[in-house]
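Enquirer: For reference, this is my_file25.cif, and it has mmCIF, C-alpha atoms and all ligand atoms.
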```
data_upload
loop_
_atom_site.group_PDB
_atom_site.id
_atom_site.type_symbol
_atom_site.label_atom_id
_atom_site.label_comp_id
_atom_site.auth_asym_id
_atom_site.auth_seq_id
_atom_site.Cartn_x
_atom_site.Cartn_y
_atom_site.Cartn_z
ATOM 1 C CA MET A 1 17.332 -8.216 7.459
ATOM 2 C CA LEU A 2 16.543 -5.185 5.328
ATOM 3 C CA LEU A 3 16.323 -5.350 1.543
ATOM 4 C CA PRO A 4 16.677 -2.139 -0.498
ATOM 5 C CA CYS A 5 13.823 -2.112 -3.022
ATOM 6 C CA PRO A 6 14.859 0.044 -6.003
ATOM 7 C CA TRP A 7 11.438 1.760 -5.837
ATOM 8 C CA CYS A 8 10.575 1.862 -2.137
ATOM 9 C CA GLY A 9 13.956 1.992 -0.418
ATOM 10 C CA PRO A 10 14.998 -0.319 2.424
ATOM 11 C CA ARG A 11 12.226 -2.548 3.747
ATOM 12 C CA ASN A 12 11.870 -5.452 6.104
ATOM 13 C CA ALA A 13 12.744 -8.676 4.277
ATOM 14 C CA SER A 14 9.374 -10.161 5.310
ATOM 15 C CA GLU A 15 7.723 -7.827 2.751
ATOM 16 C CA PHE A 16 9.481 -9.650 -0.097
ATOM 17 C CA ARG A 17 9.202 -12.988 -1.807
ATOM 18 C CA TYR A 18 12.386 -14.680 -2.901
ATOM 19 C CA VAL A 19 12.051 -15.564 -6.564
ATOM 20 C CA GLY A 20 15.361 -17.312 -7.171
ATOM 21 C CA GLU A 21 18.758 -17.030 -8.709
ATOM 22 C CA GLN A 22 19.008 -15.323 -12.058
ATOM 23 C CA THR A 23 19.279 -17.904 -14.789
ATOM 24 C CA VAL A 24 18.753 -17.975 -18.522
ATOM 25 C CA ARG A 25 15.649 -19.762 -19.738
ATOM 26 C CA PRO A 26 16.574 -22.629 -22.081
ATOM 27 C CA ASP A 27 15.401 -22.504 -25.682
ATOM 28 C CA PRO A 28 12.136 -24.544 -25.739
ATOM 29 C CA ALA A 29 12.981 -25.777 -29.227
ATOM 30 C CA THR A 30 16.195 -27.495 -28.246
ATOM 31 C CA ALA A 31 16.196 -27.992 -24.445
ATOM 32 C CA ASP A 32 16.143 -31.581 -23.198
ATOM 33 C CA PRO A 33 14.442 -32.671 -19.910
ATOM 34 C CA ALA A 34 17.726 -32.478 -17.987
ATOM 35 C CA GLU A 35 18.152 -28.832 -18.974
ATOM 36 C CA TRP A 36 14.565 -28.006 -17.947
ATOM 37 C CA ARG A 37 15.040 -29.745 -14.629
ATOM 38 C CA SER A 38 18.220 -27.821 -13.997
ATOM 39 C CA TYR A 39 16.539 -24.539 -14.963
ATOM 40 C CA LEU A 40 13.438 -25.118 -12.856
ATOM 41 C CA TYR A 41 14.760 -26.774 -9.707
ATOM 42 C CA MET A 42 18.517 -26.398 -9.299
ATOM 43 C CA GLU A 43 20.245 -23.510 -7.550
ATOM 44 C CA SER A 44 23.991 -23.024 -7.382
ATOM 45 C CA ASN A 45 23.740 -21.565 -3.855
ATOM 46 C CA PRO A 46 27.318 -20.397 -3.445
ATOM 47 C CA ALA A 47 28.729 -19.057 -0.181
ATOM 48 C CA GLY A 48 29.301 -15.608 -1.641
ATOM 49 C CA TRP A 49 27.834 -13.128 -4.070
ATOM 50 C CA VAL A 50 24.795 -14.264 -6.019
ATOM 51 C CA ALA A 51 22.562 -12.501 -8.530
ATOM 52 C CA GLU A 52 18.934 -13.184 -7.697
ATOM 53 C CA ASN A 53 15.395 -11.916 -8.196
ATOM 54 C CA TRP A 54 12.990 -10.686 -5.536
ATOM 55 C CA LEU A 55 9.364 -9.585 -5.553
ATOM 56 C CA HIS A 56 8.286 -6.717 -3.311
ATOM 57 C CA ARG A 57 5.057 -8.520 -2.474
ATOM 58 C CA ALA A 58 3.788 -6.216 0.289
ATOM 59 C CA GLY A 59 5.016 -2.995 -1.321
ATOM 60 C CA CYS A 60 5.265 -1.800 -4.908
ATOM 61 C CA ARG A 61 4.575 -5.360 -6.175
ATOM 62 C CA ARG A 62 7.474 -5.114 -8.609
ATOM 63 C CA TYR A 63 10.160 -7.652 -9.389
ATOM 64 C CA PHE A 64 13.763 -6.538 -9.117
ATOM 65 C CA ALA A 65 17.251 -7.954 -9.314
ATOM 66 C CA ALA A 66 19.661 -7.913 -6.380
ATOM 67 C CA GLU A 67 23.243 -8.916 -5.801
ATOM 68 C CA ARG A 68 23.367 -10.435 -2.340
ATOM 69 C CA HIS A 69 26.119 -12.084 -0.322
ATOM 70 C CA THR A 70 24.700 -15.322 1.032
ATOM 71 C CA VAL A 71 27.012 -15.333 4.064
ATOM 72 C CA THR A 72 26.669 -11.733 5.264
ATOM 73 C CA ASN A 73 23.294 -10.895 3.613
ATOM 74 C CA GLN A 74 24.862 -7.679 2.386
ATOM 75 C CA VAL A 75 23.191 -6.354 -0.775
ATOM 76 C CA ARG A 76 25.530 -4.344 -2.982
ATOM 77 C CA ALA A 77 23.245 -3.562 -5.917
ATOM 78 C CA THR A 78 19.580 -3.685 -6.849
ATOM 79 C CA ARG A 79 17.961 -2.765 -10.112
ATOM 80 C CA PRO A 80 14.638 -3.276 -11.907
ATOM 81 C CA PRO A 81 14.453 -6.122 -14.447
ATOM 82 C CA ASP A 82 16.182 -5.290 -17.720
ATOM 83 C CA ALA A 83 12.978 -4.484 -19.573
ATOM 84 C CA GLU A 84 12.136 -1.627 -17.261
ATOM 85 C CA ALA A 85 13.846 1.695 -17.013
ATOM 86 C CA ALA A 86 15.494 2.756 -13.775
ATOM 87 C CA PRO A 87 12.927 4.122 -11.321
ATOM 88 C CA ALA A 88 13.550 7.837 -11.633
ATOM 89 C CA GLN A 89 10.734 8.572 -9.189
ATOM 90 C CA HIS A 90 12.447 7.073 -6.210
ATOM 91 C CA ALA A 91 16.001 7.709 -7.251
ATOM 92 C CA ASP A 92 16.162 10.009 -4.229
ATOM 93 C CA ALA A 93 15.747 7.089 -1.838
ATOM 94 C CA ALA A 94 18.590 5.210 -3.497
ATOM 95 C CA ALA A 95 20.759 8.286 -3.958
ATOM 96 C CA ALA A 96 20.383 9.240 -0.318
ATOM 97 C CA GLY A 97 22.488 6.184 0.448
ATOM 98 C CA ARG A 98 19.813 4.766 2.724
ATOM 99 C CA ALA A 99 19.990 1.468 0.901
ATOM 100 C CA GLY A 100 23.730 1.073 1.298
ATOM 101 C CA GLU A 101 23.490 2.178 4.878
ATOM 102 C CA HIS A 102 20.907 -0.380 5.846
ATOM 103 C CA VAL A 103 22.126 -3.472 4.062
ATOM 104 C CA ARG A 104 25.264 -3.611 6.134
ATOM 105 C CA GLU A 105 23.066 -4.409 9.092
ATOM 106 C CA GLY A 106 22.492 -7.853 7.575
ATOM 107 C CA ARG A 107 23.798 -10.718 9.640
ATOM 108 C CA PRO A 108 24.602 -14.241 8.508
ATOM 109 C CA MET B 1 -48.444 -17.267 4.324
ATOM 110 C CA GLY B 2 -48.484 -13.595 5.150
ATOM 111 C CA GLU B 3 -47.952 -10.750 2.770
ATOM 112 C CA ARG B 4 -44.401 -9.958 1.795
ATOM 113 C CA ALA B 5 -42.860 -7.031 3.697
ATOM 114 C CA PRO B 6 -42.443 -3.969 1.507
ATOM 115 C CA ARG B 7 -38.944 -3.491 0.182
ATOM 116 C CA GLU B 8 -36.818 -0.885 1.894
ATOM 117 C CA ALA B 9 -36.908 2.347 -0.031
ATOM 118 C CA ALA B 10 -33.164 2.773 -0.197
ATOM 119 C CA LEU B 11 -30.257 0.372 -0.121
ATOM 120 C CA VAL B 12 -27.748 0.837 2.673
ATOM 121 C CA ALA B 13 -24.019 0.433 2.107
ATOM 122 C CA ARG B 14 -22.107 -1.136 4.953
ATOM 123 C CA SER B 15 -18.462 -1.060 5.850
ATOM 124 C CA PRO B 16 -16.802 -4.394 6.706
ATOM 125 C CA ILE B 17 -16.090 -2.815 10.097
ATOM 126 C CA ALA B 18 -18.946 -3.092 12.584
ATOM 127 C CA PRO B 19 -20.015 0.442 13.584
ATOM 128 C CA ALA B 20 -19.449 1.406 17.209
ATOM 129 C CA PRO B 21 -22.843 2.215 18.776
ATOM 130 C CA PRO B 22 -24.864 4.277 18.222
ATOM 131 C CA ALA B 23 -25.090 3.397 14.526
ATOM 132 C CA THR B 24 -26.932 5.608 12.088
ATOM 133 C CA VAL B 25 -27.504 5.843 8.341
ATOM 134 C CA GLU B 26 -26.347 8.914 6.512
ATOM 135 C CA GLN B 27 -26.152 9.436 2.743
ATOM 136 C CA GLY B 28 -26.804 5.743 2.205
ATOM 137 C CA TRP B 29 -24.021 4.531 4.491
ATOM 138 C CA GLU B 30 -24.340 2.854 7.836
ATOM 139 C CA ILE B 31 -21.877 4.702 10.077
ATOM 140 C CA SER B 32 -21.099 5.146 13.749
ATOM 141 C CA ALA B 33 -22.473 8.350 15.290
ATOM 142 C CA ARG B 34 -20.095 8.051 18.202
ATOM 143 C CA ARG B 35 -17.975 11.124 18.917
ATOM 144 C CA SER B 36 -14.715 11.014 20.806
ATOM 145 C CA VAL B 37 -12.239 13.620 21.998
ATOM 146 C CA ALA B 38 -9.697 11.029 23.135
ATOM 147 C CA ARG B 39 -5.998 11.706 22.647
ATOM 148 C CA LEU B 40 -5.933 8.949 20.017
ATOM 149 C CA ARG B 41 -8.911 8.295 17.787
ATOM 150 C CA LEU B 42 -9.682 5.586 15.207
ATOM 151 C CA THR B 43 -12.313 6.324 12.561
ATOM 152 C CA ASP B 44 -13.779 3.965 9.983
ATOM 153 C CA ALA B 45 -13.466 6.046 6.803
ATOM 154 C CA THR B 46 -14.664 3.308 4.438
ATOM 155 C CA PRO B 47 -17.556 5.439 3.037
ATOM 156 C CA LEU B 48 -15.044 7.638 1.185
ATOM 157 C CA ALA B 49 -15.054 7.190 -2.576
ATOM 158 C CA LYS B 50 -11.968 5.173 -3.556
ATOM 159 C CA VAL B 51 -10.785 5.094 -7.134
ATOM 160 C CA LEU B 52 -7.749 3.137 -8.233
ATOM 161 C CA VAL B 53 -5.898 4.457 -11.281
ATOM 162 C CA ARG B 54 -3.311 2.588 -13.315
ATOM 163 C CA ALA B 55 -1.389 4.332 -16.042
ATOM 164 C CA ALA B 56 2.149 4.931 -17.252
ATOM 165 C CA ALA B 57 4.303 6.554 -14.575
ATOM 166 C CA ASP B 58 5.174 9.415 -16.935
ATOM 167 C CA GLY B 59 2.167 9.692 -19.278
ATOM 168 C CA PRO B 60 -0.633 12.286 -19.600
ATOM 169 C CA VAL B 61 -2.613 10.748 -16.721
ATOM 170 C CA ALA B 62 0.413 10.891 -14.420
ATOM 171 C CA ARG B 63 1.110 14.481 -15.394
ATOM 172 C CA GLY B 64 -2.536 15.403 -14.760
ATOM 173 C CA LEU B 65 -2.503 13.814 -11.316
ATOM 174 C CA GLU B 66 0.766 15.594 -10.488
ATOM 175 C CA ILE B 67 1.594 13.192 -7.663
ATOM 176 C CA ARG B 68 4.589 10.896 -7.781
ATOM 177 C CA PHE B 69 4.851 7.493 -6.154
ATOM 178 C CA GLY B 70 5.371 7.845 -2.416
ATOM 179 C CA ARG B 71 3.520 11.144 -1.985
ATOM 180 C CA ALA B 72 -0.078 12.220 -1.338
ATOM 181 C CA ALA B 73 -1.742 15.624 -1.708
ATOM 182 C CA ARG B 74 -5.126 17.193 -2.413
ATOM 183 C CA ASP B 75 -5.848 18.438 -5.924
ATOM 184 C CA ALA B 76 -7.757 21.601 -6.839
ATOM 185 C CA ASP B 77 -11.082 19.776 -6.287
ATOM 186 C CA GLY B 78 -10.111 18.555 -2.824
ATOM 187 C CA VAL B 79 -9.557 14.947 -3.925
ATOM 188 C CA LEU B 80 -6.745 13.294 -1.983
ATOM 189 C CA VAL B 81 -4.427 11.849 -4.644
ATOM 190 C CA VAL B 82 -2.169 9.109 -3.289
ATOM 191 C CA GLY B 83 0.832 7.887 -5.277
ATOM 192 C CA SER B 84 0.359 4.300 -4.069
ATOM 193 C CA GLY B 85 2.724 2.522 -6.459
ATOM 194 C CA PRO B 86 4.814 3.022 -9.577
ATOM 195 C CA GLY B 87 2.162 3.908 -12.181
ATOM 196 C CA GLU B 88 -0.597 3.447 -9.615
ATOM 197 C CA TRP B 89 -2.700 5.991 -7.757
ATOM 198 C CA LEU B 90 -5.464 5.874 -5.182
ATOM 199 C CA LEU B 91 -7.965 8.738 -5.249
ATOM 200 C CA LEU B 92 -9.948 9.457 -2.086
ATOM 201 C CA ALA B 93 -12.962 11.756 -2.286
ATOM 202 C CA PRO B 94 -16.287 12.481 -0.561
ATOM 203 C CA PRO B 95 -18.734 9.527 -0.525
ATOM 204 C CA GLY B 96 -20.661 8.931 -3.730
ATOM 205 C CA THR B 97 -18.316 10.788 -6.059
ATOM 206 C CA ALA B 98 -16.348 7.799 -7.420
ATOM 207 C CA PRO B 99 -17.929 7.667 -10.925
ATOM 208 C CA GLU B 100 -17.349 11.380 -11.413
ATOM 209 C CA ILE B 101 -13.737 11.155 -10.168
ATOM 210 C CA ALA B 102 -13.023 8.227 -12.495
ATOM 211 C CA ARG B 103 -14.554 10.093 -15.428
ATOM 212 C CA ARG B 104 -12.363 13.095 -14.741
ATOM 213 C CA VAL B 105 -9.229 10.926 -14.849
ATOM 214 C CA THR B 106 -10.100 9.131 -18.075
ATOM 215 C CA ALA B 107 -10.960 12.474 -19.697
ATOM 216 C CA ARG B 108 -7.343 13.460 -19.187
ATOM 217 C CA ALA B 109 -5.963 10.227 -20.670
ATOM 218 C CA ASP B 110 -5.510 11.821 -24.103
ATOM 219 C CA GLY B 111 -5.387 8.479 -25.890
ATOM 220 C CA GLU B 112 -3.178 6.840 -23.262
ATOM 221 C CA PHE B 113 -4.225 3.385 -22.071
ATOM 222 C CA ALA B 114 -5.229 3.947 -18.453
ATOM 223 C CA SER B 115 -7.528 2.050 -16.117
ATOM 224 C CA THR B 116 -9.775 3.330 -13.365
ATOM 225 C CA PHE B 117 -11.490 1.075 -10.841
ATOM 226 C CA ASP B 118 -14.104 2.061 -8.306
ATOM 227 C CA VAL B 119 -12.867 0.078 -5.292
ATOM 228 C CA THR B 120 -15.099 1.896 -2.773
ATOM 229 C CA HIS B 121 -16.934 -1.249 -1.713
ATOM 230 C CA GLY B 122 -14.009 -3.616 -2.166
ATOM 231 C CA ARG B 123 -11.653 -1.981 0.295
ATOM 232 C CA ALA B 124 -11.626 -0.771 3.862
ATOM 233 C CA LEU B 125 -10.262 2.598 4.921
ATOM 234 C CA MET B 126 -9.589 3.920 8.396
ATOM 235 C CA ARG B 127 -7.970 6.936 9.979
ATOM 236 C CA LEU B 128 -5.821 6.967 13.083
ATOM 237 C CA SER B 129 -5.445 10.482 14.520
ATOM 238 C CA GLY B 130 -3.889 12.108 17.526
ATOM 239 C CA ALA B 131 -0.584 12.966 19.135
ATOM 240 C CA PRO B 132 0.372 9.322 19.914
ATOM 241 C CA ALA B 133 -0.692 8.028 16.448
ATOM 242 C CA SER B 134 2.887 7.423 15.283
ATOM 243 C CA ASP B 135 3.842 5.613 18.488
ATOM 244 C CA ALA B 136 0.776 3.385 18.302
ATOM 245 C CA LEU B 137 1.343 2.590 14.629
ATOM 246 C CA ALA B 138 5.017 1.845 15.234
ATOM 247 C CA LYS B 139 3.936 -1.180 17.267
ATOM 248 C CA VAL B 140 2.475 -2.887 14.187
ATOM 249 C CA CYS B 141 4.486 -1.342 11.333
ATOM 250 C CA ALA B 142 8.222 -1.548 10.571
ATOM 251 C CA ILE B 143 8.354 1.756 8.643
ATOM 252 C CA ASP B 144 10.323 4.585 10.264
ATOM 253 C CA LEU B 145 7.475 6.977 11.120
ATOM 254 C CA SER B 146 9.686 9.862 12.241
ATOM 255 C CA ASP B 147 8.956 13.248 10.638
ATOM 256 C CA GLY B 148 12.207 13.123 8.669
ATOM 257 C CA VAL B 149 11.441 9.827 6.903
ATOM 258 C CA THR B 150 7.625 9.781 6.844
ATOM 259 C CA PRO B 151 6.502 13.442 6.880
ATOM 260 C CA ASP B 152 2.977 14.752 6.314
ATOM 261 C CA GLY B 153 2.028 13.822 2.743
ATOM 262 C CA ALA B 154 4.078 10.618 2.636
ATOM 263 C CA ALA B 155 2.516 7.462 1.180
ATOM 264 C CA VAL B 156 3.874 3.930 1.466
ATOM 265 C CA ARG B 157 2.515 0.480 0.818
ATOM 266 C CA THR B 158 3.862 -1.779 3.492
ATOM 267 C CA SER B 159 3.026 -4.410 6.050
ATOM 268 C CA VAL B 160 0.824 -3.236 8.937
ATOM 269 C CA ALA B 161 -0.052 -5.942 11.477
ATOM 270 C CA LYS B 162 1.211 -8.426 8.826
ATOM 271 C CA LEU B 163 -1.307 -7.042 6.329
ATOM 272 C CA VAL B 164 -0.521 -5.324 3.018
ATOM 273 C CA THR B 165 -1.721 -1.773 3.644
ATOM 274 C CA ASP B 166 -1.525 1.580 1.908
ATOM 275 C CA LEU B 167 -0.376 3.943 4.618
ATOM 276 C CA VAL B 168 -0.810 7.684 4.060
ATOM 277 C CA ARG B 169 0.272 10.334 6.495
ATOM 278 C CA ASP B 170 -2.339 13.081 6.260
ATOM 279 C CA ASP B 171 -2.010 15.292 9.334
ATOM 280 C CA ARG B 172 -5.036 17.105 10.714
ATOM 281 C CA GLY B 173 -5.127 20.116 12.997
ATOM 282 C CA GLY B 174 -1.391 19.989 13.590
ATOM 283 C CA GLU B 175 -1.594 16.408 14.857
ATOM 284 C CA PRO B 176 -0.276 13.278 13.177
ATOM 285 C CA SER B 177 -2.981 11.414 11.296
ATOM 286 C CA TYR B 178 -2.718 8.294 9.156
ATOM 287 C CA LEU B 179 -5.043 6.787 6.598
ATOM 288 C CA LEU B 180 -4.858 3.007 6.297
ATOM 289 C CA HIS B 181 -6.285 1.293 3.234
ATOM 290 C CA CYS B 182 -6.599 -2.487 2.903
ATOM 291 C CA GLU B 183 -8.731 -5.207 1.349
ATOM 292 C CA ARG B 184 -12.323 -5.226 2.562
ATOM 293 C CA SER B 185 -12.060 -8.746 3.967
ATOM 294 C CA SER B 186 -9.215 -7.618 6.255
ATOM 295 C CA GLY B 187 -10.873 -4.393 7.401
ATOM 296 C CA GLN B 188 -12.267 -5.557 10.716
ATOM 297 C CA TYR B 189 -8.988 -7.307 11.538
ATOM 298 C CA LEU B 190 -6.898 -4.192 10.884
ATOM 299 C CA PHE B 191 -9.363 -2.013 12.819
ATOM 300 C CA ASP B 192 -9.164 -4.372 15.816
ATOM 301 C CA ALA B 193 -5.368 -4.631 15.531
ATOM 302 C CA LEU B 194 -5.094 -0.829 15.658
ATOM 303 C CA LEU B 195 -7.458 -0.638 18.642
ATOM 304 C CA ASP B 196 -5.283 -3.220 20.361
ATOM 305 C CA ALA B 197 -2.061 -1.323 19.542
ATOM 306 C CA GLY B 198 -3.625 1.976 20.638
ATOM 307 C CA ASP B 199 -5.005 0.618 23.893
ATOM 308 C CA GLU B 200 -2.078 1.816 26.005
ATOM 309 C CA PHE B 201 -2.500 5.304 24.498
ATOM 310 C CA GLY B 202 -6.207 5.462 25.357
ATOM 311 C CA VAL B 203 -7.509 4.963 21.807
ATOM 312 C CA ASP B 204 -11.222 5.472 21.216
ATOM 313 C CA VAL B 205 -13.511 5.003 18.217
ATOM 314 C CA ASP B 206 -14.670 8.233 16.584
ATOM 315 C CA GLY B 207 -17.531 8.056 14.071
ATOM 316 C CA PHE B 208 -17.284 9.064 10.433
ATOM 317 C CA VAL B 209 -18.194 12.691 9.660
ATOM 318 C CA PHE B 210 -19.165 13.648 6.093
ATOM 319 C CA PRO B 211 -17.577 14.578 3.725
ATOM 320 C CA GLY B 212 -14.583 12.995 5.452
ATOM 321 C CA VAL B 213 -11.671 13.889 3.171
HETATM 322 ZN ZN ZN C 301 9.114 -1.828 -3.574
#
```
Give the structure from the file, written as structure tokens.
Ligand SMILES: [Zn+2]
Expert:
Amino acid sequence: MLLPCPWCGPRNASEFRYVGEQTVRPDPATADPAEWRSYLYMESNPAGWVAENWLHRAGCRRYFAAERHTVTNQVRATRPPDAEAAPAQHADAAAAGRAGEHVREGRP
Amino acid sequence: MGERAPREAALVARSPIAPAPPATVEQGWEISARRSVARLRLTDATPLAKVLVRAAADGPVARGLEIRFGRAARDADGVLVVGSGPGEWLLLAPPGTAPEIARRVTARADGEFASTFDVTHGRALMRLSGAPASDALAKVCAIDLSDGVTPDGAAVRTSVAKLVTDLVRDDRGGEPSYLLHCERSSGQYLFDALLDAGDEFGVDVDGFVFPGV
């Protein structure tokens, strides 16, 4: 499986660490233990498209968001976390379509 | 109790990679004096000054270095500037010049918050050179090393023999040549892994030659 890092382009999935599904952190002032447990440990894990976070551990060491299909492992979009601007430096890698080309190789 | 032996006049820096015999000491570094003309050669280049720079990807420091993430080139002073990450650079220069190199970078900071680290003794560096270098490296690295994707002057941080490694293509004499930079504690492992991968191509150890950049 190849994952398209928004900075580095498509890389072997073994270079990444799976961080988890994108969720909203509960408000510490009002959250009860059940909400914390759900936030920390529960995943919805649908058979379909899921928005999740990955860390390019063996590469640029940046976190990024990806939309991945859990059945086909196709990745249709990746982007840096909201706080960071789009990586203009490696826009060429993404624009060249290499990412889209490679992700279709994913197999369930 | 006998008299204490006199202290050695000068301290000797050692690479984490055991030098192939014959070993010698030059400019304060223990290096291998072995010379090879094999088709594929592996050199321990750890004595090179290594300076890590962290700064904004588009600030004064970045503009002064003039190298974007994913590329490597020599500046006017002959320092090899590697764009090793977003907002991260690795500077490779002749042995012993790290403090001066770091000073030159911070002088350009112009008030920007930037960090420089002398990682010379904390990292290992080696160079794999020769016509079959790409084929040998392809055995332990998943990156497409073809000229179209990884041309001369390309820099990637990736997994080499399962190890996080800065890989820089820096061709020499018209032949493919790669610099591999990793943590010091993994240096001997990576060196041995590359010798193992290069075995079928007749790899041989070639000693370090100053200034080495
Ligand atoms: Zn990356």
Enquirer: Which residues match the PyMOL selection byres ((chain A) within 8 of (chain B)) in the file above, as a tab-separated table (two decimals) with C-alpha atoms, keeping the file's coordinate frame?
Expert:
```tsv
chain	number	residue	atom	x	y	z
A	7	TRP	CA	11.44	1.76	-5.84
A	8	CYS	CA	10.58	1.86	-2.14
A	11	ARG	CA	12.23	-2.55	3.75
A	12	ASN	CA	11.87	-5.45	6.10
A	15	GLU	CA	7.72	-7.83	2.75
A	58	ALA	CA	3.79	-6.22	0.29
A	59	GLY	CA	5.02	-3.00	-1.32
A	60	CYS	CA	5.26	-1.80	-4.91
A	89	GLN	CA	10.73	8.57	-9.19
A	90	HIS	CA	12.45	7.07	-6.21
```
Enquirer: Distance CA of Ile101 in chain B-CA of Thr24 in chain B, one decimal place?
Expert: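 CA of Thr24 in chain B lies 26.5 Å from CA of Ile101 in chain B.
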Enquirer: I'd like to know which of A:Pro28, A:Gly48, A:Gly20, A:Pro6 is closest to Arg61 in chain A, using all atoms listed in the file.
Expert: A:Pro6
Enquirer: If we count all atoms listed in the file, what is near Phe16 in chain A at a cut-off of 6 Å, once residues fewer than 6 positions away on the same chain are taken out, given as a ChimeraX atom specification?
Expert: /A:55-57
Enquirer: Given the file above and the PyMOL selection byres (((chain B and resi 52-56) around 8) and not hetatm), which residues are selected, and can you give them as a ChimeraX atom specification?
Expert: /B:50-51,57-59,61-62,87-91,112-119
Enquirer: For CA of Ile31 in chain B and CA of Leu11 in chain B, quote the distance in Å rounded to one decimal.
Expert: 13.9 Å
Enquirer: For a test of reading the model, state the distance in Å between CA of Thr23 in chain A and CA of Gly9 in chain A, rounded to one decimal.
Expert: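 These two atoms are separated by 25.1 Å.
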Enquirer: Near Ala47 in chain A, counting all atoms listed in the file, which residues have an atom at most 9 Å away, once you skip same-chain residues fewer than 6 positions from it, shown as a list in words?
Expert: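 Answer for this query is His69, Thr70 and Val71 of chain A.
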Enquirer: Between A:Leu3, A:Asp27, A:Glu52, A:Tyr41, single out the one closest to ligand ZN 301 (chain C), counting all atoms listed in the file.
Expert: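 Between A:Leu3, A:Asp27, A:Glu52, A:Tyr41, the residue approaching ligand ZN 301 (chain C) most closely is A:Leu3.
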Enquirer: Using only C-alpha atoms, which protein or nucleic acid residues come within 10 Å of Phe191 in chain B? Drop anything in the same chain fewer than 3 positions from it, and give the result as a ChimeraX atom specification.
Expert: /B:16-18,42-44,124-128,180,186-188,194-197,205
Enquirer: Taking only C-alpha atoms and all ligand atoms into account, name the residue in A:Ala51, A:Ala65, A:Val24, A:Val75 that is nearest to ligand ZN 301 (chain C).
Expert: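 Selected residue with least distance to ligand ZN 301 (chain C): A:Ala65.
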Enquirer: I'd like the neighbourhood of Leu40 in chain B as a PyMOL selection string, where a residue qualifies if any of its atoms comes within 8 Å (using all atoms listed in the file), though same-chain residues fewer than 5 positions away should be ignored.
Expert: chain B and resi 128-133+198+201-204
Enquirer: Expand the PyMOL selection byres (((chain B and resi 145-147) around 12) and not hetatm) into the explicit residue set it covers here, and present it as JSON, numbers by chain.
Expert: {"B": [132, 133, 134, 135, 136, 137, 138, 139, 140, 141, 142, 143, 144, 148, 149, 150, 151, 152, 153, 154, 155, 156, 167, 168, 169, 171, 175, 176, 177, 178]}
Enquirer: How would the residues just picked look written out with C-alpha atoms as an mmCIF file, in the frame of the given file?
Expert:
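Final file, again_17.cif:
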```
data_model
loop_
_atom_site.group_PDB
_atom_site.id
_atom_site.type_symbol
_atom_site.label_atom_id
_atom_site.label_comp_id
_atom_site.auth_asym_id
_atom_site.auth_seq_id
_atom_site.Cartn_x
_atom_site.Cartn_y
_atom_site.Cartn_z
ATOM 1 C CA PRO B 132 0.372 9.322 19.914
ATOM 2 C CA ALA B 133 -0.692 8.028 16.448
ATOM 3 C CA SER B 134 2.887 7.423 15.283
ATOM 4 C CA ASP B 135 3.842 5.613 18.488
ATOM 5 C CA ALA B 136 0.776 3.385 18.302
ATOM 6 C CA LEU B 137 1.343 2.590 14.629
ATOM 7 C CA ALA B 138 5.017 1.845 15.234
ATOM 8 C CA LYS B 139 3.936 -1.180 17.267
ATOM 9 C CA VAL B 140 2.475 -2.887 14.187
ATOM 10 C CA CYS B 141 4.486 -1.342 11.333
ATOM 11 C CA ALA B 142 8.222 -1.548 10.571
ATOM 12 C CA ILE B 143 8.354 1.756 8.643
ATOM 13 C CA ASP B 144 10.323 4.585 10.264
ATOM 14 C CA GLY B 148 12.207 13.123 8.669
ATOM 15 C CA VAL B 149 11.441 9.827 6.903
ATOM 16 C CA THR B 150 7.625 9.781 6.844
ATOM 17 C CA PRO B 151 6.502 13.442 6.880
ATOM 18 C CA ASP B 152 2.977 14.752 6.314
ATOM 19 C CA GLY B 153 2.028 13.822 2.743
ATOM 20 C CA ALA B 154 4.078 10.618 2.636
ATOM 21 C CA ALA B 155 2.516 7.462 1.180
ATOM 22 C CA VAL B 156 3.874 3.930 1.466
ATOM 23 C CA LEU B 167 -0.376 3.943 4.618
ATOM 24 C CA VAL B 168 -0.810 7.684 4.060
ATOM 25 C CA ARG B 169 0.272 10.334 6.495
ATOM 26 C CA ASP B 171 -2.010 15.292 9.334
ATOM 27 C CA GLU B 175 -1.594 16.408 14.857
ATOM 28 C CA PRO B 176 -0.276 13.278 13.177
ATOM 29 C CA SER B 177 -2.981 11.414 11.296
ATOM 30 C CA TYR B 178 -2.718 8.294 9.156
#
```
Enquirer: At a cut-off of 7 Å, using all atoms listed in the file, what residues contact Phe64 in chain A? Leave out same-chain residues fewer than 6 positions from it and give the result as a count of residues only.
Expert: 7
Enquirer: Taking all atoms listed in the file into account, name the residue in A:Arg62, A:Ala29, A:Thr72, A:Gln22 that is nearest to Glu43 in chain A.
Expert: A:Gln22
Enquirer: With all atoms of range 37-43 of chain A from the file as input, state the centre and edge lengths in Å to one decimal of the axis-aligned box that has 3 Å extra on each side, as JSON.
Expert:
```
{"center_x": 16.8, "center_y": -26.6, "center_z": -11.3, "size_x": 12.8, "size_y": 12.2, "size_z": 13.4}
```
